[in-house]
file my_file-v3.tsv (TSV, N, CA and C atoms and all ligand atoms)
chain	number	residue	atom	x	y	z
A	3	MET	N	23.84	36.61	-31.30
A	3	MET	CA	23.64	35.26	-31.83
A	3	MET	C	24.88	34.82	-32.59
A	4	THR	N	25.32	33.60	-32.34
A	4	THR	CA	26.49	33.11	-33.04
A	4	THR	C	26.13	32.83	-34.50
A	5	ARG	N	27.16	32.75	-35.34
A	5	ARG	CA	26.92	32.47	-36.74
A	5	ARG	C	26.30	31.09	-36.92
A	6	GLN	N	26.78	30.12	-36.12
A	6	GLN	CA	26.21	28.78	-36.22
A	6	GLN	C	24.71	28.81	-35.94
A	7	ARG	N	24.34	29.52	-34.87
A	7	ARG	CA	22.93	29.56	-34.50
A	7	ARG	C	22.11	30.24	-35.60
A	8	GLN	N	22.68	31.31	-36.17
A	8	GLN	CA	22.01	32.03	-37.25
A	8	GLN	C	21.77	31.11	-38.45
A	9	VAL	N	22.79	30.34	-38.82
A	9	VAL	CA	22.66	29.45	-39.99
A	9	VAL	C	21.62	28.37	-39.71
A	10	ILE	N	21.63	27.81	-38.51
A	10	ILE	CA	20.66	26.78	-38.15
A	10	ILE	C	19.24	27.35	-38.24
A	11	LEU	N	19.06	28.56	-37.74
A	11	LEU	CA	17.75	29.19	-37.79
A	11	LEU	C	17.33	29.48	-39.23
A	12	GLU	N	18.26	29.96	-40.04
A	12	GLU	CA	17.95	30.25	-41.45
A	12	GLU	C	17.54	29.00	-42.20
A	13	GLU	N	18.30	27.93	-41.99
A	13	GLU	CA	17.99	26.68	-42.71
A	13	GLU	C	16.64	26.12	-42.27
A	14	LEU	N	16.36	26.23	-40.97
A	14	LEU	CA	15.08	25.72	-40.47
A	14	LEU	C	13.92	26.54	-41.04
A	15	ARG	N	14.12	27.85	-41.20
A	15	ARG	CA	13.02	28.70	-41.69
A	15	ARG	C	12.81	28.55	-43.18
A	16	LYS	N	13.78	27.95	-43.89
A	16	LYS	CA	13.64	27.76	-45.33
A	16	LYS	C	12.68	26.64	-45.68
A	17	VAL	N	12.51	25.71	-44.77
A	17	VAL	CA	11.73	24.51	-45.10
A	17	VAL	C	10.45	24.46	-44.28
A	18	ASP	N	9.49	23.68	-44.78
A	18	ASP	CA	8.27	23.51	-44.00
A	18	ASP	C	8.04	22.04	-43.66
A	19	CYS	N	9.13	21.29	-43.60
A	19	CYS	CA	9.00	19.84	-43.37
A	19	CYS	C	9.21	19.46	-41.91
A	20	HIS	N	9.41	20.43	-41.02
A	20	HIS	CA	9.55	20.14	-39.60
A	20	HIS	C	10.60	19.07	-39.33
A	21	PRO	N	11.84	19.35	-39.66
A	21	PRO	CA	12.89	18.34	-39.54
A	21	PRO	C	13.24	17.98	-38.09
A	22	THR	N	13.79	16.79	-37.92
A	22	THR	CA	14.37	16.43	-36.63
A	22	THR	C	15.74	17.08	-36.53
A	23	ALA	N	16.35	17.03	-35.34
A	23	ALA	CA	17.68	17.59	-35.17
A	23	ALA	C	18.68	16.90	-36.11
A	24	ASP	N	18.54	15.59	-36.28
A	24	ASP	CA	19.44	14.85	-37.17
A	24	ASP	C	19.30	15.32	-38.61
A	25	GLU	N	18.06	15.51	-39.05
A	25	GLU	CA	17.83	15.97	-40.41
A	25	GLU	C	18.37	17.38	-40.61
A	26	LEU	N	18.18	18.21	-39.60
A	26	LEU	CA	18.67	19.59	-39.68
A	26	LEU	C	20.20	19.62	-39.71
A	27	TYR	N	20.79	18.73	-38.98
A	27	TYR	CA	22.25	18.60	-38.98
A	27	TYR	C	22.75	18.35	-40.39
A	28	LEU	N	22.10	17.45	-41.12
A	28	LEU	CA	22.51	17.17	-42.50
A	28	LEU	C	22.27	18.40	-43.39
A	29	MET	N	21.22	19.15	-43.10
A	29	MET	CA	20.90	20.33	-43.90
A	29	MET	C	21.93	21.45	-43.71
A	30	VAL	N	22.43	21.63	-42.49
A	30	VAL	CA	23.33	22.77	-42.24
A	30	VAL	C	24.79	22.44	-42.54
A	31	ARG	N	25.10	21.16	-42.74
A	31	ARG	CA	26.50	20.79	-42.91
A	31	ARG	C	27.15	21.37	-44.16
A	32	SER	N	26.33	21.65	-45.20
A	32	SER	CA	26.91	22.25	-46.40
A	32	SER	C	27.41	23.66	-46.12
A	33	ARG	N	26.75	24.34	-45.17
A	33	ARG	CA	27.18	25.70	-44.83
A	33	ARG	C	28.11	25.73	-43.63
A	34	LEU	N	28.01	24.73	-42.79
A	34	LEU	CA	28.85	24.64	-41.58
A	34	LEU	C	29.52	23.27	-41.55
A	35	PRO	N	30.56	23.11	-42.37
A	35	PRO	CA	31.16	21.77	-42.51
A	35	PRO	C	31.69	21.21	-41.19
A	36	ARG	N	32.06	22.06	-40.26
A	36	ARG	CA	32.66	21.57	-39.02
A	36	ARG	C	31.68	21.41	-37.88
A	37	VAL	N	30.42	21.69	-38.13
A	37	VAL	CA	29.45	21.65	-37.04
A	37	VAL	C	29.25	20.20	-36.57
A	38	SER	N	29.03	20.03	-35.29
A	38	SER	CA	28.76	18.69	-34.76
A	38	SER	C	27.28	18.56	-34.45
A	39	LEU	N	26.84	17.31	-34.37
A	39	LEU	CA	25.43	17.07	-34.05
A	39	LEU	C	25.08	17.66	-32.69
A	40	GLY	N	26.01	17.55	-31.74
A	40	GLY	CA	25.78	18.10	-30.40
A	40	GLY	C	25.58	19.60	-30.44
A	41	THR	N	26.33	20.28	-31.29
A	41	THR	CA	26.19	21.74	-31.43
A	41	THR	C	24.81	22.08	-31.98
A	42	VAL	N	24.36	21.29	-32.96
A	42	VAL	CA	23.03	21.53	-33.52
A	42	VAL	C	21.97	21.36	-32.44
A	43	TYR	N	22.08	20.30	-31.66
A	43	TYR	CA	21.14	20.07	-30.57
A	43	TYR	C	21.14	21.24	-29.59
A	44	ARG	N	22.33	21.66	-29.20
A	44	ARG	CA	22.45	22.75	-28.21
A	44	ARG	C	21.84	24.04	-28.73
A	45	ASN	N	22.13	24.35	-30.00
A	45	ASN	CA	21.60	25.59	-30.56
A	45	ASN	C	20.10	25.54	-30.74
A	46	LEU	N	19.57	24.37	-31.10
A	46	LEU	CA	18.12	24.24	-31.21
A	46	LEU	C	17.47	24.47	-29.86
A	47	ASP	N	18.12	23.99	-28.82
A	47	ASP	CA	17.60	24.16	-27.48
A	47	ASP	C	17.55	25.66	-27.10
A	48	VAL	N	18.62	26.36	-27.42
A	48	VAL	CA	18.67	27.80	-27.12
A	48	VAL	C	17.61	28.55	-27.92
A	49	LEU	N	17.50	28.21	-29.21
A	49	LEU	CA	16.51	28.89	-30.06
A	49	LEU	C	15.10	28.65	-29.54
A	50	PHE	N	14.86	27.42	-29.07
A	50	PHE	CA	13.54	27.11	-28.53
A	50	PHE	C	13.27	27.91	-27.27
A	51	ARG	N	14.26	27.97	-26.39
A	51	ARG	CA	14.07	28.71	-25.13
A	51	ARG	C	13.90	30.20	-25.37
A	52	ASN	N	14.49	30.68	-26.46
A	52	ASN	CA	14.33	32.10	-26.81
A	52	ASN	C	13.03	32.38	-27.56
A	53	GLY	N	12.25	31.34	-27.81
A	53	GLY	CA	10.98	31.52	-28.51
A	53	GLY	C	11.13	31.78	-30.00
A	54	GLU	N	12.27	31.39	-30.57
A	54	GLU	CA	12.48	31.66	-31.99
A	54	GLU	C	12.08	30.49	-32.88
A	55	ILE	N	11.89	29.34	-32.30
A	55	ILE	CA	11.43	28.17	-33.05
A	55	ILE	C	10.43	27.41	-32.18
A	56	GLN	N	9.70	26.49	-32.83
A	56	GLN	CA	8.80	25.62	-32.08
A	56	GLN	C	9.39	24.21	-32.04
A	57	LYS	N	9.14	23.55	-30.94
A	57	LYS	CA	9.57	22.15	-30.79
A	57	LYS	C	8.33	21.29	-30.74
A	58	LEU	N	8.27	20.30	-31.61
A	58	LEU	CA	7.10	19.43	-31.67
A	58	LEU	C	7.50	18.06	-31.17
A	59	ASP	N	6.70	17.54	-30.27
A	59	ASP	CA	6.98	16.22	-29.74
A	59	ASP	C	6.43	15.18	-30.71
A	60	ALA	N	7.30	14.48	-31.39
A	60	ALA	CA	6.85	13.57	-32.44
A	60	ALA	C	7.12	12.12	-32.04
A	61	GLY	N	6.50	11.67	-31.00
A	61	GLY	CA	6.63	10.29	-30.60
A	61	GLY	C	8.06	9.90	-30.27
A	62	GLY	N	8.68	10.58	-29.33
A	62	GLY	CA	10.03	10.22	-28.92
A	62	GLY	C	11.08	11.15	-29.50
A	63	GLN	N	10.94	11.47	-30.78
A	63	GLN	CA	11.90	12.36	-31.40
A	63	GLN	C	11.27	13.74	-31.60
A	64	HIS	N	12.01	14.77	-31.27
A	64	HIS	CA	11.48	16.10	-31.48
A	64	HIS	C	11.66	16.53	-32.92
A	65	ARG	N	10.68	17.27	-33.41
A	65	ARG	CA	10.81	17.92	-34.70
A	65	ARG	C	10.76	19.43	-34.47
A	66	PHE	N	11.37	20.17	-35.36
A	66	PHE	CA	11.49	21.60	-35.14
A	66	PHE	C	10.82	22.39	-36.25
A	67	ASP	N	10.30	23.55	-35.89
A	67	ASP	CA	9.51	24.37	-36.78
A	67	ASP	C	10.00	25.81	-36.66
A	68	GLY	N	10.45	26.39	-37.76
A	68	GLY	CA	10.95	27.76	-37.74
A	68	GLY	C	9.83	28.78	-37.78
A	69	ASP	N	8.60	28.32	-37.94
A	69	ASP	CA	7.45	29.22	-38.00
A	69	ASP	C	6.81	29.27	-36.62
A	70	VAL	N	6.95	30.39	-35.92
A	70	VAL	CA	6.42	30.47	-34.55
A	70	VAL	C	5.03	31.11	-34.50
A	71	ARG	N	4.47	31.42	-35.67
A	71	ARG	CA	3.09	31.93	-35.65
A	71	ARG	C	2.17	30.80	-35.21
A	72	ASN	N	0.99	31.17	-34.72
A	72	ASN	CA	0.04	30.17	-34.26
A	72	ASN	C	-0.49	29.38	-35.46
A	73	HIS	N	-0.11	28.15	-35.56
A	73	HIS	CA	-0.64	27.31	-36.63
A	73	HIS	C	-0.66	25.86	-36.15
A	74	TYR	N	-1.28	25.01	-36.95
A	74	TYR	CA	-1.53	23.64	-36.49
A	74	TYR	C	-0.86	22.62	-37.39
A	75	HIS	N	-0.81	21.41	-36.89
A	75	HIS	CA	-0.07	20.37	-37.59
A	75	HIS	C	-0.90	19.12	-37.81
A	76	VAL	N	-0.55	18.40	-38.86
A	76	VAL	CA	-1.09	17.06	-39.08
A	76	VAL	C	0.10	16.10	-39.08
A	77	ARG	N	-0.06	15.02	-38.35
A	77	ARG	CA	1.02	14.05	-38.25
A	77	ARG	C	0.64	12.78	-38.99
A	78	CYS	N	1.52	12.34	-39.87
A	78	CYS	CA	1.27	11.09	-40.60
A	78	CYS	C	1.42	9.91	-39.66
A	79	GLN	N	0.38	9.08	-39.61
A	79	GLN	CA	0.42	7.90	-38.74
A	79	GLN	C	1.30	6.80	-39.32
A	80	GLY	N	1.66	6.97	-40.60
A	80	GLY	CA	2.51	5.96	-41.23
A	80	GLY	C	3.99	6.20	-40.99
A	81	CYS	N	4.46	7.42	-41.28
A	81	CYS	CA	5.90	7.66	-41.25
A	81	CYS	C	6.31	8.74	-40.24
A	82	GLY	N	5.34	9.39	-39.60
A	82	GLY	CA	5.69	10.38	-38.59
A	82	GLY	C	5.94	11.77	-39.12
A	83	ARG	N	5.84	11.93	-40.44
A	83	ARG	CA	6.03	13.25	-41.04
A	83	ARG	C	4.99	14.24	-40.49
A	84	ILE	N	5.38	15.49	-40.32
A	84	ILE	CA	4.47	16.52	-39.81
A	84	ILE	C	4.38	17.66	-40.82
A	85	ASP	N	3.16	18.04	-41.16
A	85	ASP	CA	2.96	19.18	-42.04
A	85	ASP	C	2.03	20.19	-41.39
A	86	ASP	N	2.03	21.40	-41.93
A	86	ASP	CA	1.13	22.43	-41.43
A	86	ASP	C	-0.27	22.21	-42.01
A	87	VAL	N	-1.28	22.55	-41.25
A	87	VAL	CA	-2.64	22.55	-41.77
A	87	VAL	C	-3.23	23.96	-41.62
A	88	PHE	N	-4.10	24.30	-42.51
A	88	PHE	CA	-4.69	25.64	-42.51
A	88	PHE	C	-6.20	25.53	-42.61
A	89	GLY	N	-6.88	26.53	-42.16
A	89	GLY	CA	-8.34	26.56	-42.27
A	89	GLY	C	-8.90	27.64	-41.38
A	90	GLU	N	-9.95	28.28	-41.86
A	90	GLU	CA	-10.52	29.39	-41.10
A	90	GLU	C	-11.06	28.96	-39.75
A	91	ALA	N	-11.71	27.80	-39.74
A	91	ALA	CA	-12.33	27.33	-38.49
A	91	ALA	C	-11.28	27.14	-37.41
A	92	LEU	N	-10.05	26.87	-37.83
A	92	LEU	CA	-9.00	26.60	-36.86
A	92	LEU	C	-8.63	27.84	-36.06
A	93	GLU	N	-8.93	29.00	-36.61
A	93	GLU	CA	-8.58	30.22	-35.90
A	93	GLU	C	-9.62	30.61	-34.87
A	94	ALA	N	-10.76	29.90	-34.85
A	94	ALA	CA	-11.88	30.31	-34.01
A	94	ALA	C	-11.84	29.67	-32.62
A	95	LEU	N	-10.88	28.82	-32.36
A	95	LEU	CA	-10.83	28.15	-31.07
A	95	LEU	C	-10.54	29.16	-29.96
A	96	ALA	N	-11.50	29.35	-29.08
A	96	ALA	CA	-11.34	30.35	-28.02
A	96	ALA	C	-10.53	29.78	-26.87
A	97	MET	N	-9.70	30.59	-26.31
A	97	MET	CA	-8.90	30.17	-25.16
A	97	MET	C	-9.77	30.16	-23.91
A	98	PRO	N	-9.77	29.08	-23.16
A	98	PRO	CA	-10.47	29.11	-21.88
A	98	PRO	C	-9.79	30.10	-20.95
A	99	ARG	N	-10.56	30.72	-20.08
A	99	ARG	CA	-9.97	31.74	-19.23
A	99	ARG	C	-9.29	31.16	-18.01
A	100	SER	N	-9.77	30.04	-17.57
A	100	SER	CA	-9.13	29.40	-16.42
A	100	SER	C	-9.52	27.94	-16.41
A	101	SER	N	-8.89	27.17	-15.58
A	101	SER	CA	-9.23	25.77	-15.45
A	101	SER	C	-9.72	25.52	-14.03
A	102	ALA	N	-10.20	24.30	-13.80
A	102	ALA	CA	-10.71	23.95	-12.48
A	102	ALA	C	-9.60	23.91	-11.43
A	103	HIS	N	-8.38	23.88	-11.86
A	103	HIS	CA	-7.28	23.75	-10.91
A	103	HIS	C	-6.40	24.99	-10.86
A	104	ASP	N	-6.99	26.13	-11.16
A	104	ASP	CA	-6.31	27.41	-11.03
A	104	ASP	C	-5.05	27.55	-11.88
A	105	TYR	N	-5.06	26.89	-13.01
A	105	TYR	CA	-3.94	27.08	-13.92
A	105	TYR	C	-4.06	28.45	-14.58
A	106	GLU	N	-2.95	29.05	-14.85
A	106	GLU	CA	-2.95	30.15	-15.80
A	106	GLU	C	-2.67	29.55	-17.16
A	107	ILE	N	-3.66	29.54	-18.02
A	107	ILE	CA	-3.51	28.88	-19.32
A	107	ILE	C	-2.80	29.81	-20.29
A	108	THR	N	-1.73	29.31	-20.87
A	108	THR	CA	-0.90	30.17	-21.72
A	108	THR	C	-0.96	29.79	-23.19
A	109	GLY	N	-1.51	28.63	-23.51
A	109	GLY	CA	-1.57	28.24	-24.91
A	109	GLY	C	-2.13	26.85	-25.04
A	110	TYR	N	-2.16	26.36	-26.25
A	110	TYR	CA	-2.64	24.99	-26.46
A	110	TYR	C	-2.00	24.43	-27.71
A	111	ARG	N	-2.07	23.13	-27.81
A	111	ARG	CA	-1.58	22.45	-28.99
A	111	ARG	C	-2.69	21.66	-29.61
A	112	LEU	N	-2.77	21.67	-30.90
A	112	LEU	CA	-3.79	20.92	-31.59
A	112	LEU	C	-3.09	20.20	-32.73
A	113	GLU	N	-3.28	18.91	-32.78
A	113	GLU	CA	-2.59	18.16	-33.82
A	113	GLU	C	-3.55	17.17	-34.45
A	114	PHE	N	-3.55	17.11	-35.76
A	114	PHE	CA	-4.42	16.19	-36.48
A	114	PHE	C	-3.65	14.93	-36.85
A	115	ASP	N	-4.36	13.83	-36.92
A	115	ASP	CA	-3.77	12.57	-37.38
A	115	ASP	C	-4.17	12.36	-38.83
A	116	GLY	N	-3.30	11.72	-39.58
A	116	GLY	CA	-3.65	11.45	-40.97
A	116	GLY	C	-2.62	10.56	-41.62
A	117	LEU	N	-2.71	10.46	-42.94
A	117	LEU	CA	-1.72	9.73	-43.72
A	117	LEU	C	-1.21	10.65	-44.82
A	118	CYS	N	0.10	10.76	-44.95
A	118	CYS	CA	0.68	11.61	-45.99
A	118	CYS	C	0.54	10.91	-47.34
A	119	PRO	N	0.74	11.65	-48.45
A	119	PRO	CA	0.56	11.06	-49.78
A	119	PRO	C	1.42	9.81	-49.99
A	120	ALA	N	2.61	9.79	-49.39
A	120	ALA	CA	3.50	8.65	-49.58
A	120	ALA	C	2.99	7.42	-48.85
A	121	CYS	N	2.22	7.60	-47.81
A	121	CYS	CA	1.78	6.47	-46.99
A	121	CYS	C	0.38	5.97	-47.36
A	122	VAL	N	-0.40	6.75	-48.09
A	122	VAL	CA	-1.77	6.33	-48.41
A	122	VAL	C	-1.81	5.04	-49.22
A	123	PRO	N	-1.04	4.90	-50.31
A	123	PRO	CA	-1.13	3.65	-51.09
A	123	PRO	C	-0.76	2.42	-50.26
A	124	GLN	N	0.23	2.55	-49.36
A	124	GLN	CA	0.62	1.41	-48.53
A	124	GLN	C	-0.52	0.99	-47.63
A	125	ALA	N	-1.23	1.98	-47.09
A	125	ALA	CA	-2.34	1.66	-46.18
A	125	ALA	C	-3.45	0.95	-46.95
A	126	GLU	N	-3.66	1.34	-48.22
A	126	GLU	CA	-4.72	0.71	-49.00
A	126	GLU	C	-4.34	-0.69	-49.45
A	127	GLY	N	-3.06	-0.87	-49.79
A	127	GLY	CA	-2.62	-2.16	-50.31
A	127	GLY	C	-2.39	-3.21	-49.24
A	128	GLY	N	-1.95	-2.78	-48.09
A	128	GLY	CA	-1.54	-3.73	-47.05
A	128	GLY	C	-2.67	-4.31	-46.25
A	129	GLU	N	-2.41	-4.69	-45.05
A	129	GLU	CA	-3.34	-5.23	-44.06
A	129	GLU	C	-3.78	-6.64	-44.31
A	201	ZN	ZN	3.68	9.20	-44.21
A	202	ZN	ZN	4.51	24.01	-38.57

call {"tool": "encode", "arguments": {"input": "my_file-v3.tsv", "output": "structure tokens"}}
result
Amino acid sequence: MTRQRQVILEELRKVDCHPTADELYLMVRSRLPRVSLGTVYRNLDVLFRNGEIQKLDAGGQHRFDGDVRNHYHVRCQGCGRIDDVFGEALEALAMPRSSAHDYEITGYRLEFDGLCPACVPQAEGGE
């Protein structure tokens, strides 16, 4: 692993805010002053393909997660922020063994909708 890739992975694992590639670029620049946005994108792609990070589809823009354990997310409908959610019931979802179309099912995604603390007052005041 290159040093750049290592730093990108370390910075991503430090936070739980599921940053976009652009946000991560700003985060790693203090340690990698010469890094380019393209390099960050490329390294995120490699890390994802290696199974070292998760890529979340956030309405057009991808967000990245350094935590690859099985966990779930809530997405703010106001600003698009994504946070982790926890709960015992969430671990009980059984994997189907097969589908009607002979898929080999390898996993699933579960995402909750909500409003983050920053967006709740706006939703109450507006409309
Ligand atoms: Zn929000
Ligand atoms: Zn997460």

call {"tool": "closest_atom_pairs", "arguments": {"input": "my_file-v3.tsv", "of": "chain A", "to": "ligand ZN 201 (chain A)", "cutoff": "12 Å", "atoms": "only C-alpha atoms and all ligand atoms", "output": "CSV"}}
result
residue,atom,partner,partner_atom,distance
A:Cys19,CA,A:ZN201,ZN,11.9
A:Val76,CA,A:ZN201,ZN,10.5
A:Arg77,CA,A:ZN201,ZN,8.1
A:Cys78,CA,A:ZN201,ZN,4.7
A:Gln79,CA,A:ZN201,ZN,6.5
A:Gly80,CA,A:ZN201,ZN,4.6
A:Cys81,CA,A:ZN201,ZN,4.0
A:Gly82,CA,A:ZN201,ZN,6.1
A:Arg83,CA,A:ZN201,ZN,5.7
A:Ile84,CA,A:ZN201,ZN,8.6
A:Asp85,CA,A:ZN201,ZN,10.2
A:Asp115,CA,A:ZN201,ZN,10.7
A:Gly116,CA,A:ZN201,ZN,8.3
A:Leu117,CA,A:ZN201,ZN,5.4
A:Cys118,CA,A:ZN201,ZN,4.2
A:Pro119,CA,A:ZN201,ZN,6.6
A:Ala120,CA,A:ZN201,ZN,5.4
A:Cys121,CA,A:ZN201,ZN,4.3
A:Val122,CA,A:ZN201,ZN,7.5
A:Pro123,CA,A:ZN201,ZN,10.1
A:Gln124,CA,A:ZN201,ZN,9.4
A:Ala125,CA,A:ZN201,ZN,9.8

call {"tool": "closest_residue", "arguments": {"input": "my_file-v3.tsv", "among": "A:Gly53, A:Gly62, A:Gly68, A:Gly109", "to": "ligand ZN 202 (chain A)", "atoms": "only C-alpha atoms and all ligand atoms"}}
result
A:Gly68

call {"tool": "atom_distance", "arguments": {"input": "my_file-v3.tsv", "atom1": "CA of Asn45 (chain A)", "atom2": "CA of Arg31 (chain A)"}}
result
14.1 Å

call {"tool": "residues_near_ligand", "arguments": {"input": "my_file-v3.tsv", "ligand": "ligand ZN 202 (chain A)", "cutoff": "8 Å", "atoms": "all atoms listed in the file", "output": "list in words"}}
result
Asp18, Cys19, His20, Gln56, Phe66, Asp67, Gly68, Asp69, Val70, Arg71, Asn72, His73, Tyr74, His75, Val76, Ile84, Asp85, Asp86 and Val87 of chain A

call {"tool": "closest_residue", "arguments": {"input": "my_file-v3.tsv", "among": "A:Arg33, A:His64, A:Arg7, A:Arg15", "to": "Leu46 (chain A)", "atoms": "only N, CA and C atoms"}}
result
A:Arg7

call {"tool": "atom_distance", "arguments": {"input": "my_file-v3.tsv", "atom1": "CA of Tyr43 (chain A)", "atom2": "CA of Ala23 (chain A)"}}
result
6.3 Å

call {"tool": "select_by_dssp", "arguments": {"input": "my_file-v3.tsv", "residues": "chain A", "states": "helix (DSSP H, G or I)", "output": "ChimeraX atom specification"}}
result
/A:5-16,23-30,39-51,90-94,122-127

call {"tool": "residues_around", "arguments": {"input": "my_file-v3.tsv", "residues": "Val30 (chain A)", "least_positions_apart": "6", "cutoff": "10 Å", "atoms": "only C-alpha atoms", "output": "PyMOL selection string"}}
result
chain A and resi 6+9-14+36-37+42

call {"tool": "atom_distance", "arguments": {"input": "my_file-v3.tsv", "atom1": "CA of Arg99 (chain A)", "atom2": "CA of Phe114 (chain A)"}}
result
23.9 Å

call {"tool": "axis_aligned_box", "arguments": {"input": "my_file-v3.tsv", "around": "region 12-18 of chain A", "padding_each_side": "8 Å", "output": "JSON"}}
result
{"center_x": 13.2, "center_y": 26.1, "center_z": -42.9, "size_x": 26.3, "size_y": 24.2, "size_z": 21.6}

call {"tool": "select_by_dssp", "arguments": {"input": "my_file-v3.tsv", "residues": "chain A", "states": "strand (DSSP E or B)", "output": "list in words"}}
result
Thr22, Gln56, Lys57, Leu58, Asp59, Ala60, Gln63, His64, Arg65, Phe66, Asp67, Tyr74, His75, Val76, Arg77, Cys78, Ile84, Asp85, Asp86, Val87, Glu113, Phe114, Asp115 and Gly116 of chain A

call {"tool": "closest_residue", "arguments": {"input": "my_file-v3.tsv", "among": "A:Arg44, A:Phe50, A:Gln63, A:Pro35", "to": "Thr22 (chain A)", "atoms": "only N, CA and C atoms"}}
result
A:Gln63

call {"tool": "residues_near_point", "arguments": {"input": "my_file-v3.tsv", "point": "(-9.8, 26.8, -26.3)", "cutoff": "10 Å", "atoms": "only C-alpha atoms", "output": "ChimeraX atom specification"}}
result
/A:94-99,107,109-112

call {"tool": "decode", "arguments": {"input": "my_file-v3.tsv", "residues": "region 40-46 of chain A", "atoms": "all heavy atoms", "output": "PDB file, in the first residue's frame"}}
result
ATOM      1  N   GLY A  40      -7.789  14.043  -7.832  1.00  0.00           N
ATOM      2  CA  GLY A  40      -7.830  12.836  -8.655  1.00  0.00           C
ATOM      3  C   GLY A  40      -7.169  11.657  -7.965  1.00  0.00           C
ATOM      4  O   GLY A  40      -7.642  10.521  -8.049  1.00  0.00           O
ATOM      5  N   THR A  41      -6.070  11.915  -7.272  1.00  0.00           N
ATOM      6  CA  THR A  41      -5.373  10.854  -6.538  1.00  0.00           C
ATOM      7  C   THR A  41      -6.252  10.319  -5.416  1.00  0.00           C
ATOM      8  O   THR A  41      -6.292   9.111  -5.163  1.00  0.00           O
ATOM      9  CB  THR A  41      -4.048  11.397  -5.958  1.00  0.00           C
ATOM     10  OG1 THR A  41      -3.260  11.868  -7.040  1.00  0.00           O
ATOM     11  CG2 THR A  41      -3.291  10.326  -5.204  1.00  0.00           C
ATOM     12  N   VAL A  42      -6.949  11.232  -4.734  1.00  0.00           N
ATOM     13  CA  VAL A  42      -7.845  10.801  -3.664  1.00  0.00           C
ATOM     14  C   VAL A  42      -8.944   9.911  -4.237  1.00  0.00           C
ATOM     15  O   VAL A  42      -9.227   8.835  -3.707  1.00  0.00           O
ATOM     16  CB  VAL A  42      -8.449  12.026  -2.927  1.00  0.00           C
ATOM     17  CG1 VAL A  42      -9.544  11.597  -1.949  1.00  0.00           C
ATOM     18  CG2 VAL A  42      -7.354  12.776  -2.186  1.00  0.00           C
ATOM     19  N   TYR A  43      -9.534  10.334  -5.347  1.00  0.00           N
ATOM     20  CA  TYR A  43     -10.569   9.534  -5.997  1.00  0.00           C
ATOM     21  C   TYR A  43     -10.039   8.154  -6.367  1.00  0.00           C
ATOM     22  O   TYR A  43     -10.682   7.139  -6.111  1.00  0.00           O
ATOM     23  CB  TYR A  43     -11.066  10.228  -7.276  1.00  0.00           C
ATOM     24  CG  TYR A  43     -12.239  11.149  -7.050  1.00  0.00           C
ATOM     25  CD1 TYR A  43     -12.032  12.492  -6.810  1.00  0.00           C
ATOM     26  CD2 TYR A  43     -13.549  10.671  -7.096  1.00  0.00           C
ATOM     27  CE1 TYR A  43     -13.102  13.352  -6.611  1.00  0.00           C
ATOM     28  CE2 TYR A  43     -14.619  11.514  -6.894  1.00  0.00           C
ATOM     29  CZ  TYR A  43     -14.394  12.863  -6.653  1.00  0.00           C
ATOM     30  OH  TYR A  43     -15.441  13.694  -6.456  1.00  0.00           O
ATOM     31  N   ARG A  44      -8.864   8.126  -6.984  1.00  0.00           N
ATOM     32  CA  ARG A  44      -8.292   6.848  -7.437  1.00  0.00           C
ATOM     33  C   ARG A  44      -8.024   5.915  -6.268  1.00  0.00           C
ATOM     34  O   ARG A  44      -8.313   4.725  -6.316  1.00  0.00           O
ATOM     35  CB  ARG A  44      -6.989   7.093  -8.197  1.00  0.00           C
ATOM     36  CG  ARG A  44      -7.154   7.131  -9.712  1.00  0.00           C
ATOM     37  CD  ARG A  44      -5.828   7.013 -10.425  1.00  0.00           C
ATOM     38  NE  ARG A  44      -4.834   7.966  -9.956  1.00  0.00           N
ATOM     39  CZ  ARG A  44      -4.791   9.251 -10.310  1.00  0.00           C
ATOM     40  NH1 ARG A  44      -5.666   9.727 -11.146  1.00  0.00           N
ATOM     41  NH2 ARG A  44      -3.868  10.057  -9.821  1.00  0.00           N
ATOM     42  N   ASN A  45      -7.461   6.479  -5.194  1.00  0.00           N
ATOM     43  CA  ASN A  45      -7.146   5.641  -4.038  1.00  0.00           C
ATOM     44  C   ASN A  45      -8.398   5.137  -3.339  1.00  0.00           C
ATOM     45  O   ASN A  45      -8.423   4.004  -2.857  1.00  0.00           O
ATOM     46  CB  ASN A  45      -6.254   6.413  -3.058  1.00  0.00           C
ATOM     47  CG  ASN A  45      -4.804   6.384  -3.491  1.00  0.00           C
ATOM     48  OD1 ASN A  45      -4.180   5.332  -3.503  1.00  0.00           O
ATOM     49  ND2 ASN A  45      -4.268   7.528  -3.875  1.00  0.00           N
ATOM     50  N   LEU A  46      -9.434   5.977  -3.290  1.00  0.00           N
ATOM     51  CA  LEU A  46     -10.697   5.532  -2.697  1.00  0.00           C
ATOM     52  C   LEU A  46     -11.266   4.372  -3.495  1.00  0.00           C
ATOM     53  O   LEU A  46     -11.806   3.419  -2.943  1.00  0.00           O
ATOM     54  CB  LEU A  46     -11.697   6.695  -2.650  1.00  0.00           C
ATOM     55  CG  LEU A  46     -11.439   7.730  -1.555  1.00  0.00           C
ATOM     56  CD1 LEU A  46     -12.320   8.957  -1.758  1.00  0.00           C
ATOM     57  CD2 LEU A  46     -11.679   7.135  -0.170  1.00  0.00           C
TER      58      LEU A  46
END
